[in-house]
Amino acid sequence: YANYVLRLSDYLLTEQNLGERGEVFGSFHTFPSINTASYLEGLTDAIQLVKALGDTRREKLYVERAMIGLRWILRLQYGPGEMKQHHASHRSPGGFRGSLTDSSIRIDHNGHAISAITRALRYVFRESPAVEQNTSVH
């Protein structure tokens, strides 16, 4: 199984947009979108595997690429006041848009982005994600 994961992960890296440091740098696939988060979920799991295998060459490469992909995902996150035209602008900050041209906020976009970010915190930055204690919905 490990060899299969490594083969898939190595192939995955060929899909990352690294040709220029423009708007899409770090995203994956031909249409740069939030799907990068799904790619990063797999890549961060592969980081855990290569650490266990002692494959330091791949570990360094995968960590570097995950950091670049994480940068892309964070470009898609709305900040305070960024979406005044959005019908639910008071709930928009923190949400993840579909792409640079798709302003929609969907639960699956957010779920994959949060999963990728928490995995990156654990496996790339070796930090425990902070969890807010107050889980009440306003």
# chains A, B, ... in the order shown; residues from 1 in each chain; ligands from 1
call {"tool": "select_by_dssp", "arguments": {"residues": "chain A", "states": "alpha helix (DSSP H)", "output": "number ranges by chain"}}
result
A: 2-13, 35-53, 56-75, 107-123
call {"tool": "residues_around", "arguments": {"residues": "stretch 40-49 of chain A", "least_positions_apart": "4", "cutoff": "7 Å", "atoms": "only C-alpha atoms", "output": "ChimeraX atom specification"}}
result
/A:5,9,36,53,59,62-63,66,69,115-116,119-120,123
call {"tool": "atom_distance", "arguments": {"atom1": "atom CA of A:Ala130", "atom2": "atom CA of A:Ile68"}}
result
21.7 Å
call {"tool": "atom_distance", "arguments": {"atom1": "atom CA of A:Ile34", "atom2": "atom CA of A:Gly98"}}
result
5.2 Å
call {"tool": "closest_residue", "arguments": {"among": "A:Arg7, A:His29, A:Arg57, A:Arg106", "to": "A:Gln77", "atoms": "only C-alpha atoms"}}
result
A:Arg106
